[in-house]
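J.: Sharing data-v6.cif here; it has mmCIF, C-alpha atoms and all ligand atoms.
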data_upload
#
loop_
_atom_site.label_atom_id
_atom_site.label_comp_id
_atom_site.auth_asym_id
_atom_site.auth_seq_id
_atom_site.Cartn_x
_atom_site.Cartn_y
_atom_site.Cartn_z
CA MET A 115 9.90 -10.56 22.33
CA ALA A 116 6.84 -12.74 21.71
CA ALA A 117 3.45 -11.06 21.98
CA THR A 118 1.44 -12.26 24.96
CA GLY A 119 -2.28 -11.81 25.55
CA THR A 120 -4.57 -9.79 23.33
CA PRO A 121 -2.81 -8.16 20.37
CA VAL A 122 -3.08 -4.39 20.76
CA SER A 123 -0.68 -2.96 18.24
CA LEU A 124 0.36 -3.62 14.67
CA SER A 125 3.63 -5.07 15.88
CA ASP A 126 1.69 -7.65 17.93
CA PHE A 127 -0.12 -8.68 14.74
CA GLU A 128 3.19 -8.85 12.92
CA LYS A 129 4.51 -11.38 15.43
CA LEU A 130 1.32 -13.42 15.26
CA ALA A 131 1.48 -13.44 11.46
CA GLU A 132 5.06 -14.64 11.51
CA ALA A 133 4.07 -17.50 13.79
CA ARG A 134 1.18 -18.51 11.52
CA LEU A 135 2.63 -18.17 8.03
CA SER A 136 4.83 -20.62 6.19
CA ARG A 137 8.47 -19.56 6.02
CA ASN A 138 8.07 -19.14 2.24
CA ALA A 139 5.17 -16.70 2.60
CA TRP A 140 6.58 -14.85 5.60
CA ASP A 141 9.93 -14.26 3.94
CA TYR A 142 8.34 -13.03 0.73
CA TYR A 143 6.05 -10.63 2.60
CA ALA A 144 8.63 -9.35 5.09
CA SER A 145 11.64 -8.93 2.83
CA GLY A 146 13.23 -5.75 1.64
CA ALA A 147 15.91 -5.44 -1.00
CA ASP A 148 19.60 -6.02 -0.31
CA ASP A 149 20.57 -4.82 3.19
CA MET A 150 17.05 -3.60 3.90
CA LEU A 151 18.33 -0.13 4.82
CA THR A 152 15.36 1.60 3.23
CA LEU A 153 12.92 -0.89 4.73
CA ARG A 154 14.17 0.04 8.22
CA ALA A 155 14.49 3.73 7.35
CA ASN A 156 10.81 3.95 6.48
CA GLN A 157 9.83 3.33 10.09
CA ARG A 158 12.79 5.00 11.76
CA ALA A 159 12.23 8.25 9.93
CA PHE A 160 8.78 8.52 11.49
CA SER A 161 10.27 8.08 14.94
CA ARG A 162 12.56 11.09 14.43
CA ILE A 163 9.57 13.37 13.86
CA ARG A 164 8.01 14.72 17.05
CA ILE A 165 4.52 16.07 17.59
CA LYS A 166 4.14 19.42 19.41
CA PRO A 167 0.96 19.09 21.42
CA ARG A 168 -1.23 21.93 22.66
CA VAL A 169 -3.36 21.43 25.74
CA LEU A 170 -6.68 22.60 27.12
CA ARG A 171 -8.43 22.68 23.78
CA ASP A 172 -11.81 21.07 23.42
CA VAL A 173 -10.93 17.77 21.75
CA SER A 174 -14.28 16.05 22.19
CA ALA A 175 -15.01 15.82 18.44
CA VAL A 176 -12.62 14.38 15.91
CA ASP A 177 -13.63 13.67 12.31
CA VAL A 178 -11.21 11.81 10.05
CA ARG A 179 -13.33 11.61 6.91
CA THR A 180 -11.78 12.82 3.70
CA ASN A 181 -11.90 12.12 -0.02
CA VAL A 182 -9.57 10.81 -2.70
CA LEU A 183 -10.05 11.73 -6.35
CA GLY A 184 -13.41 13.14 -5.39
CA GLN A 185 -14.67 9.98 -3.69
CA ALA A 186 -15.44 10.09 0.01
CA ILE A 187 -13.56 7.74 2.35
CA ALA A 188 -14.02 7.18 6.05
CA SER A 189 -10.44 7.96 7.04
CA PRO A 190 -7.15 8.63 5.24
CA ILE A 191 -6.03 5.00 5.31
CA GLY A 192 -6.10 2.40 2.55
CA ALA A 193 -4.69 -0.95 1.51
CA ALA A 194 -1.61 -0.67 -0.71
CA PRO A 195 -1.41 -3.24 -3.49
CA SER A 196 0.37 -6.36 -2.39
CA ALA A 197 0.73 -9.42 -4.55
CA MET A 198 -0.37 -12.97 -3.78
CA GLN A 199 -2.56 -12.40 -0.73
CA ARG A 200 -3.99 -15.92 -0.71
CA MET A 201 -0.68 -17.12 0.69
CA ALA A 202 -1.74 -15.25 3.86
CA HIS A 203 -5.32 -16.55 4.05
CA PRO A 204 -7.51 -18.69 1.78
CA ASP A 205 -9.86 -15.72 1.22
CA GLY A 206 -6.92 -13.50 0.24
CA GLU A 207 -7.76 -10.42 -1.79
CA GLU A 208 -11.53 -10.96 -1.42
CA ALA A 209 -11.19 -10.70 2.35
CA SER A 210 -9.08 -7.53 2.09
CA ALA A 211 -11.53 -5.99 -0.33
CA ARG A 212 -14.53 -6.80 1.86
CA ALA A 213 -12.78 -5.40 4.92
CA CYS A 214 -11.91 -2.16 3.14
CA ALA A 215 -15.33 -1.83 1.51
CA SER A 216 -17.15 -2.40 4.78
CA MET A 217 -15.09 0.28 6.49
CA ARG A 218 -15.31 2.60 3.48
CA LEU A 219 -11.57 2.69 3.07
CA PRO A 220 -9.82 2.47 -0.31
CA MET A 221 -8.10 -0.63 -1.58
CA ILE A 222 -5.64 -0.89 -4.44
CA LEU A 223 -5.66 -4.36 -5.96
CA SER A 224 -2.34 -5.72 -7.24
CA SER A 225 -2.00 -6.86 -10.87
CA TRP A 226 -0.50 -9.95 -9.25
CA SER A 227 -3.52 -10.91 -7.20
CA THR A 228 -4.26 -14.56 -6.58
CA THR A 229 -7.97 -13.83 -7.13
CA SER A 230 -9.15 -12.32 -10.40
CA LEU A 231 -9.90 -8.62 -10.40
CA GLU A 232 -13.52 -9.40 -11.33
CA ASP A 233 -14.00 -11.76 -8.38
CA VAL A 234 -12.47 -9.22 -6.01
CA ALA A 235 -14.82 -6.53 -7.33
CA LYS A 236 -17.81 -8.85 -6.86
CA ALA A 237 -16.76 -9.77 -3.33
CA ALA A 238 -16.42 -6.15 -2.35
CA ALA A 239 -19.63 -5.06 -4.06
CA ASN A 240 -21.70 -7.39 -1.93
CA VAL A 241 -20.51 -6.77 1.56
CA PRO A 242 -23.45 -8.04 3.58
CA LYS A 243 -23.97 -5.75 6.51
CA ASP A 244 -23.71 -8.64 8.88
CA SER A 245 -21.23 -10.83 6.99
CA VAL A 246 -19.24 -10.71 10.17
CA PRO A 247 -20.88 -9.90 13.47
CA ALA A 248 -19.44 -6.52 14.24
CA PRO A 249 -19.95 -3.64 16.59
CA ALA A 250 -21.70 -0.59 15.16
CA GLN A 251 -18.55 1.28 14.29
CA PHE A 252 -17.51 -1.58 11.98
CA GLN A 253 -20.71 -1.60 9.99
CA VAL A 254 -21.26 -0.33 6.50
CA ARG A 255 -21.54 3.44 6.33
CA PRO A 256 -24.22 3.85 3.68
CA ASP A 257 -23.35 7.46 2.93
CA ILE A 258 -19.97 6.50 1.41
CA LYS A 259 -19.35 4.19 -1.57
CA PRO A 260 -16.37 1.80 -1.57
CA VAL A 261 -13.26 3.03 -3.39
CA ARG A 262 -11.32 0.43 -5.36
CA TRP A 263 -8.33 1.16 -7.58
CA PHE A 264 -6.31 -1.22 -9.74
CA GLN A 265 -2.50 -1.36 -9.59
CA LEU A 266 -1.00 -1.82 -13.01
CA TYR A 267 2.22 -3.51 -13.99
CA VAL A 268 2.90 -2.64 -17.62
CA TYR A 269 3.69 -5.82 -19.52
CA LYS A 270 6.01 -5.87 -22.53
CA ASP A 271 3.05 -7.44 -24.29
CA ARG A 272 0.91 -4.33 -24.63
CA ALA A 273 -2.14 -6.37 -25.60
CA VAL A 274 -1.99 -7.98 -22.17
CA THR A 275 -1.61 -4.56 -20.52
CA ARG A 276 -4.51 -3.12 -22.49
CA ARG A 277 -6.70 -6.09 -21.60
CA LEU A 278 -5.95 -5.60 -17.89
CA VAL A 279 -6.83 -1.91 -18.12
CA GLU A 280 -10.09 -2.61 -19.95
CA ARG A 281 -11.07 -5.34 -17.52
CA ALA A 282 -10.34 -3.11 -14.52
CA ALA A 283 -12.55 -0.36 -15.95
CA ALA A 284 -15.31 -2.82 -16.81
CA ALA A 285 -15.22 -4.28 -13.30
CA GLY A 286 -15.71 -0.87 -11.70
CA TYR A 287 -12.23 0.06 -10.51
CA THR A 288 -12.13 3.84 -10.48
CA ALA A 289 -8.42 4.60 -10.99
CA LEU A 290 -5.21 2.98 -12.18
CA ALA A 291 -2.15 3.09 -9.94
CA VAL A 292 0.76 2.50 -12.30
CA THR A 293 3.80 1.20 -10.46
CA VAL A 294 6.88 2.98 -11.78
CA ASP A 295 9.61 1.79 -9.44
CA THR A 296 9.78 -1.79 -10.69
CA PRO A 297 11.23 -1.94 -14.21
CA LEU A 298 13.26 -4.81 -12.77
CA LEU A 299 12.84 -6.52 -9.43
CA GLY A 300 14.95 -5.56 -6.40
CA ARG A 301 17.09 -8.32 -4.90
CA ARG A 302 15.29 -9.82 -1.94
CA HIS A 303 17.70 -12.38 -0.55
CA ALA A 304 15.21 -14.79 0.97
CA ASP A 305 13.34 -15.01 -2.34
CA ILE A 306 16.57 -15.72 -4.20
CA ARG A 307 17.33 -18.57 -1.80
CA GLN A 308 13.83 -19.94 -2.17
CA PHE A 309 10.45 -18.62 -3.15
CA LYS A 310 7.65 -20.69 -4.55
CA LEU A 311 4.04 -19.73 -5.15
CA PRO A 312 2.15 -22.72 -3.73
CA SER A 313 0.97 -24.96 -6.56
CA TYR A 314 -2.74 -24.42 -5.75
CA LEU A 315 -2.40 -20.66 -6.36
CA ARG A 316 -1.91 -18.68 -9.56
CA LEU A 317 -1.68 -15.13 -10.77
CA ALA A 318 -5.38 -15.01 -11.40
CA ASN A 319 -5.56 -12.00 -13.71
CA PHE A 320 -3.95 -13.89 -16.54
CA ASP A 321 -5.86 -16.49 -18.42
CA ASP A 322 -4.71 -19.22 -20.72
CA ALA A 323 -4.44 -16.81 -23.63
CA ASP A 324 -1.71 -15.08 -21.65
CA SER A 325 0.21 -18.31 -21.38
CA GLY A 326 3.39 -17.97 -19.37
CA LYS A 327 1.96 -15.03 -17.42
CA GLN A 328 0.15 -16.93 -14.73
CA ASN A 329 2.81 -19.12 -13.20
CA VAL A 330 5.43 -17.50 -11.11
CA GLY A 331 7.96 -18.17 -8.47
CA THR A 332 9.34 -21.54 -9.31
CA PRO A 333 12.85 -21.39 -7.94
CA HIS A 334 15.29 -20.38 -10.60
CA THR A 335 18.20 -22.73 -10.94
CA SER A 336 20.91 -22.33 -13.50
CA SER A 337 22.38 -25.80 -13.96
CA ALA A 338 24.91 -26.53 -11.25
CA GLU A 339 25.30 -22.92 -10.19
CA GLU A 340 23.70 -21.36 -7.16
CA PRO A 341 20.56 -19.36 -8.02
CA ARG A 342 21.41 -15.78 -8.87
CA ASP A 343 17.88 -14.50 -9.12
CA SER A 344 14.56 -15.40 -7.62
CA GLY A 345 11.91 -16.91 -9.85
CA LEU A 346 10.01 -13.65 -9.28
CA ALA A 347 12.89 -11.57 -10.62
CA VAL A 348 13.20 -13.83 -13.65
CA TYR A 349 9.48 -13.48 -14.32
CA VAL A 350 9.62 -9.68 -14.01
CA ALA A 351 12.63 -9.52 -16.34
CA GLU A 352 10.78 -11.64 -18.90
CA GLN A 353 7.38 -9.98 -18.72
CA ILE A 354 7.46 -6.44 -17.30
CA ASP A 355 8.49 -3.63 -19.63
CA PRO A 356 11.78 -2.02 -18.56
CA THR A 357 11.52 0.54 -21.38
CA LEU A 358 8.58 2.17 -19.61
CA SER A 359 8.88 5.97 -19.76
CA TRP A 360 6.78 9.09 -19.33
CA ASN A 361 5.56 8.65 -22.93
CA ASP A 362 3.81 5.49 -21.83
CA ILE A 363 1.76 7.46 -19.33
CA ALA A 364 0.44 9.37 -22.35
CA TRP A 365 -0.27 6.02 -24.05
CA LEU A 366 -2.15 4.79 -20.98
CA ARG A 367 -4.16 7.99 -20.91
CA SER A 368 -5.06 7.40 -24.56
CA ILE A 369 -6.47 3.93 -23.89
CA THR A 370 -8.52 4.60 -20.76
CA HIS A 371 -10.78 7.19 -19.21
CA LEU A 372 -9.67 6.13 -15.72
CA PRO A 373 -7.62 8.64 -13.75
CA ILE A 374 -3.97 7.65 -13.51
CA ILE A 375 -1.86 7.68 -10.39
CA VAL A 376 1.85 6.95 -10.45
CA LYS A 377 3.11 4.83 -7.58
CA GLY A 378 6.77 5.04 -6.65
CA VAL A 379 7.79 8.69 -6.94
CA LEU A 380 10.44 9.99 -4.49
CA THR A 381 11.74 13.22 -5.97
CA ALA A 382 10.48 16.71 -6.79
CA GLU A 383 11.71 16.32 -10.38
CA ASP A 384 9.66 13.18 -11.04
CA ALA A 385 6.67 14.62 -9.22
CA ASP A 386 6.73 17.58 -11.60
CA LEU A 387 7.07 15.29 -14.63
CA ALA A 388 4.17 13.21 -13.35
CA VAL A 389 1.93 16.24 -13.13
CA LYS A 390 3.03 17.37 -16.59
CA ALA A 391 2.17 13.88 -17.87
CA GLY A 392 -1.37 14.51 -16.67
CA VAL A 393 -1.63 12.19 -13.68
CA SER A 394 -4.30 12.73 -11.07
CA GLY A 395 -2.24 11.47 -8.17
CA VAL A 396 1.24 10.52 -7.02
CA ILE A 397 2.03 7.88 -4.42
CA VAL A 398 5.27 8.65 -2.61
CA SER A 399 6.53 5.12 -2.23
CA ASN A 400 9.74 3.11 -2.24
CA HIS A 401 7.79 -0.13 -2.58
CA GLY A 402 8.16 -0.84 1.13
CA GLY A 403 11.96 -0.92 0.78
CA ARG A 404 11.75 -3.81 -1.70
CA GLN A 405 13.21 -2.11 -4.75
CA LEU A 406 16.25 0.22 -4.69
CA ASP A 407 17.88 -0.10 -1.29
CA GLY A 408 19.38 3.14 -0.01
CA VAL A 409 16.67 5.49 -1.22
CA ALA A 410 15.04 7.91 1.19
CA ALA A 411 12.36 6.92 3.63
CA THR A 412 9.05 7.96 2.16
CA ILE A 413 8.23 10.43 4.94
CA GLU A 414 11.56 12.15 4.19
CA ALA A 415 10.72 12.39 0.48
CA LEU A 416 7.15 13.58 1.02
CA PRO A 417 7.77 17.33 1.57
CA GLU A 418 9.67 17.86 -1.69
CA VAL A 419 7.04 15.95 -3.65
CA VAL A 420 4.22 17.93 -2.06
CA GLU A 421 6.02 21.17 -2.81
CA ALA A 422 6.68 20.22 -6.44
CA VAL A 423 3.14 19.01 -7.05
CA ALA A 424 1.85 22.26 -5.55
CA GLY A 425 -1.78 21.17 -5.44
CA ARG A 426 -1.93 20.13 -9.11
CA ALA A 427 -2.57 16.47 -8.18
CA GLU A 428 -3.21 14.49 -5.03
CA VAL A 429 -0.23 13.16 -3.09
CA TYR A 430 -0.42 9.95 -1.08
CA LEU A 431 2.25 8.05 0.85
CA ASP A 432 3.01 4.46 1.74
CA GLY A 433 5.89 2.77 3.55
CA GLY A 434 6.44 2.15 7.24
CA ILE A 435 3.07 3.31 8.52
CA ARG A 436 2.58 1.35 11.74
CA ARG A 437 0.88 3.87 14.06
CA GLY A 438 -1.90 6.42 13.89
CA SER A 439 0.74 9.00 14.78
CA ASP A 440 2.62 8.07 11.57
CA ILE A 441 -0.52 8.93 9.61
CA PHE A 442 -0.80 12.21 11.53
CA LYS A 443 2.79 13.08 10.52
CA ALA A 444 2.19 12.20 6.88
CA ILE A 445 -0.98 14.32 6.79
CA ALA A 446 0.87 17.20 8.47
CA LEU A 447 3.51 17.05 5.74
CA GLY A 448 0.94 17.17 2.97
CA ALA A 449 -0.23 13.63 2.19
CA ARG A 450 -3.90 13.39 1.36
CA SER A 451 -4.03 9.83 2.66
CA VAL A 452 -1.73 6.89 3.34
CA PHE A 453 -1.67 3.25 2.32
CA ILE A 454 -0.41 0.25 4.24
CA GLY A 455 1.15 -2.84 2.69
CA ARG A 456 2.45 -5.50 5.07
CA PRO A 457 0.02 -4.76 7.94
CA ILE A 458 -2.87 -5.84 5.68
CA LEU A 459 -1.10 -9.17 5.19
CA TRP A 460 -0.62 -9.55 8.95
CA GLY A 461 -4.34 -8.94 9.46
CA LEU A 462 -5.18 -11.50 6.80
CA ALA A 463 -2.87 -14.08 8.34
CA TYR A 464 -4.33 -13.39 11.77
CA ASN A 465 -8.00 -13.70 10.88
CA GLY A 466 -8.91 -13.05 7.23
CA GLU A 467 -11.46 -10.28 6.68
CA VAL A 468 -11.95 -9.67 10.39
CA GLY A 469 -8.20 -9.47 10.87
CA VAL A 470 -7.86 -6.81 8.17
CA ARG A 471 -10.69 -4.82 9.71
CA THR A 472 -9.01 -5.08 13.07
CA ILE A 473 -5.78 -3.64 11.66
CA LEU A 474 -7.54 -0.81 9.85
CA ARG A 475 -9.70 0.02 12.84
CA LEU A 476 -6.70 0.06 15.15
CA LEU A 477 -4.94 2.58 12.93
CA GLU A 478 -8.09 4.67 12.56
CA ASP A 479 -8.59 4.75 16.34
CA GLU A 480 -4.94 5.58 16.94
CA LEU A 481 -5.15 8.45 14.45
CA LYS A 482 -8.24 9.86 16.19
CA LEU A 483 -6.60 9.61 19.59
CA CYS A 484 -3.44 11.21 18.26
CA MET A 485 -5.41 14.13 16.84
CA ALA A 486 -7.22 14.61 20.13
CA LEU A 487 -4.07 14.47 22.22
CA ALA A 488 -2.15 16.74 19.86
CA GLY A 489 -4.67 19.54 20.27
CA LYS A 490 -4.14 22.65 18.20
CA SER A 491 -3.12 26.23 18.60
CA PHE A 492 -6.59 27.76 18.29
CA ASP A 493 -9.56 27.54 20.58
CA ILE A 494 -10.62 24.07 19.66
CA GLY A 495 -8.68 20.86 19.18
CA CYS A 496 -7.62 19.15 16.03
CA GLN A 497 -11.10 18.35 14.73
CA THR A 498 -10.54 17.52 11.11
CA LEU A 499 -7.62 16.44 8.94
CA GLU A 500 -7.33 20.00 7.59
CA ASP A 501 -6.41 21.13 11.09
CA ILE A 502 -3.21 19.04 11.00
CA THR A 503 -0.41 21.37 9.91
CA PRO A 504 3.39 21.15 9.50
CA GLY A 505 3.75 23.56 12.45
CA MET A 506 2.54 20.77 14.74
CA LEU A 507 5.75 18.83 14.12
CA SER A 508 9.33 19.21 15.24
CA TYR A 509 12.39 17.13 14.52
CA ALA A 510 14.54 15.17 16.92
CA ALA A 511 18.21 15.99 16.76
CA VAL A 512 20.29 13.13 15.46
CA VAL A 513 22.41 12.14 18.45
CA SER A 514 25.88 11.03 17.51
CA ARG A 515 27.20 8.04 19.40
CA LEU A 516 30.80 9.21 18.93
C1 LIG A 601 4.44 -8.75 -0.06
C2 LIG A 601 4.35 -7.47 -0.82
C3 LIG A 601 3.90 -7.50 -2.12
C4 LIG A 601 3.81 -6.31 -2.84
N1 LIG A 601 3.29 -6.35 -4.10
C5 LIG A 601 3.14 -5.19 -4.78
C6 LIG A 601 2.54 -5.20 -6.05
O1 LIG A 601 2.11 -6.21 -6.55
N2 LIG A 601 2.46 -4.02 -6.70
C7 LIG A 601 2.93 -2.84 -6.17
O2 LIG A 601 2.84 -1.79 -6.80
N3 LIG A 601 3.46 -2.81 -4.93
C8 LIG A 601 3.58 -3.95 -4.24
N4 LIG A 601 4.10 -3.92 -2.97
C9 LIG A 601 4.48 -2.62 -2.37
C10 LIG A 601 3.29 -2.03 -1.58
O3 LIG A 601 2.28 -1.60 -2.45
C11 LIG A 601 3.70 -0.82 -0.73
O4 LIG A 601 4.38 0.10 -1.53
C12 LIG A 601 4.56 -1.18 0.48
O5 LIG A 601 4.23 -2.44 0.99
C13 LIG A 601 4.37 -0.14 1.57
O6 LIG A 601 5.19 -0.40 2.65
P1 LIG A 601 4.70 -1.11 4.00
O7 LIG A 601 4.65 -2.58 3.72
O8 LIG A 601 5.78 -0.74 4.97
O9 LIG A 601 3.36 -0.55 4.38
C14 LIG A 601 4.20 -5.08 -2.24
C15 LIG A 601 4.65 -5.08 -0.93
C16 LIG A 601 4.73 -6.25 -0.22
C17 LIG A 601 5.22 -6.19 1.21
C1 LIG A 602 6.51 -7.72 -8.82
C2 LIG A 602 6.02 -8.69 -7.80
C3 LIG A 602 7.16 -9.55 -7.29
C4 LIG A 602 5.16 -8.12 -6.74
C5 LIG A 602 5.77 -7.01 -6.00
O1 LIG A 602 5.60 -5.87 -6.37
C6 LIG A 602 6.55 -7.23 -4.81
O2 LIG A 602 6.73 -8.39 -4.40
O3 LIG A 602 7.05 -6.25 -4.23
#
Kindly return the structure encoded in the file as structure tokens.
T.:
Amino acid sequence: MAATGTPVSLSDFEKLAEARLSRNAWDYYASGADDMLTLRANQRAFSRIRIKPRVLRDVSAVDVRTNVLGQAIASPIGAAPSAMQRMAHPDGEEASARACASMRLPMILSSWSTTSLEDVAKAAANVPKDSVPAPAQFQVRPDIKPVRWFQLYVYKDRAVTRRLVERAAAAGYTALAVTVDTPLLGRRHADIRQFKLPSYLRLANFDDADSGKQNVGTPHTSSAEEPRDSGLAVYVAEQIDPTLSWNDIAWLRSITHLPIIVKGVLTAEDADLAVKAGVSGVIVSNHGGRQLDGVAATIEALPEVVEAVAGRAEVYLDGGIRRGSDIFKAIALGARSVFIGRPILWGLAYNGEVGVRTILRLLEDELKLCMALAGKSFDIGCQTLEDITPGMLSYAAVVSRL
């Protein structure tokens, strides 16, 4: 059903983004791998979790501030790394970074950004208070500094990888999120049929010295045969290191002082290995259902990861967050904060920086309302994120249709 009138939910922005974007960009952003079972599961799994509300508590004050890796953030919501944001809006990653910085929410910049990591850092460092006329609650909160992390794809060419890491540190990124679920690219059917990075865009973190690493997405054709892989998958197979192993986390730790987070963990076993490898954080993620189809929804995987990590590192979650109540559920099950991927792109497509702020603000407001309406089992309502506990959730029975 088409959205009518003022958009009021993330799904309204999704429809508006689809209407505005080219088919090429929309398909790339929206796709999951194969049958997209995991993509759908990410959202559905949230809908099977119920909230047990308590009533007649004083819920007049709700505070959603928290911190990640010791840095304060305004609420437990951030932008997940997503590649090639300038296909969504000419200001691309700079707009996302400004939106996040102005709201004091964390952003993870993709290695595959269409704006260089230095330019993104500069854009976010100078968020003029009135760059966009905004109501008070949108304006810079001077007590909190922006949090910006860099997402790392480990290239076979370790000199290229090292250069990226050094540049990220020099530009002021405060952590590396190493993506570990993409040794090869998942099969996204629309991209195999056709994906092309528009010719005026490039992977801006790679300069001429990295020749071959800045042009991506030309449709792959193998003579007279139908394409069997997208240009993206061919690029990943050529450039990204499929031999990556836990030893390389030790190597990364040896070349940088930045804290390391692994992005793409779904099991207790890997969570434990991650902690033993010395990471500071783990992102429970299935890459938005774009890698291995058939893996668990992230909210299903979260409890075992939280249990295995046992407080030795921070645990975050992404995948399928579309409501403030989804964030509430993730926090209840032990996530320190969540990240959103596609909704940032919908905000960008809708209205650049302002659109991203609108998306983030909507989720923040929904989370606050959810906390207030959920109440709590003591005298006062759910006032802070620490008050959100697993006991506030229950699980819907799976109803068989047979
Ligand atoms: C268009 C798109 C591009 C992405 N690019 C990257 C990337 O460059 N690096 C990465 O680690 N994850 C990437 N991701 C995965 C996201 O960081 C995140 O895990 C996922 O989008 C979360 O699911 P959600 O879209 O349902 O919020 C991408 C996701 C999308 C949708
Ligand atoms: C590896 C690139 C294709 C970027 C990415 O992570 C994605 O599209 O999911």
J.: Have a look at CA of Ala318 (chain A) and CA of Leu298 (chain A) and let me know their distance in Å, one decimal.
T.: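 Spanning CA of Ala318 (chain A) to CA of Leu298 (chain A) is a straight-line distance of 21.3 Å.
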J.: Counting only C-alpha atoms, which of A:Ala282, A:Ala188, A:Val268, A:Leu416 gets nearest to Ile363 (chain A)?
T.: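 Once distances to Ile363 (chain A) are computed over only C-alpha atoms, the minimum belongs to A:Val268.
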J.: Which residues are near ligand LIG 602 (chain A) - at most 10 Å, using only C-alpha atoms and all ligand atoms? Format: as a PyMOL selection string.
T.: chain A and resi 142-147+195-198+224-227+265+267+293+295-300+302+305+330-331+344-351+354+400-405+455
J.: Could you name the residues that touch Gly192 (chain A) at 10 Å or less, counting all atoms listed in the file, but leaving out those on the same chain fewer than 6 positions away, as number ranges by chain?
T.: A: 214, 218-222, 261-262, 432, 451-455, 458, 474
J.: Considering all atoms listed in the file, state which residue in the set A:Arg164, A:Arg475, A:Arg426, A:Arg200 is at the smallest distance from Ala463 (chain A).
T.: A:Arg200
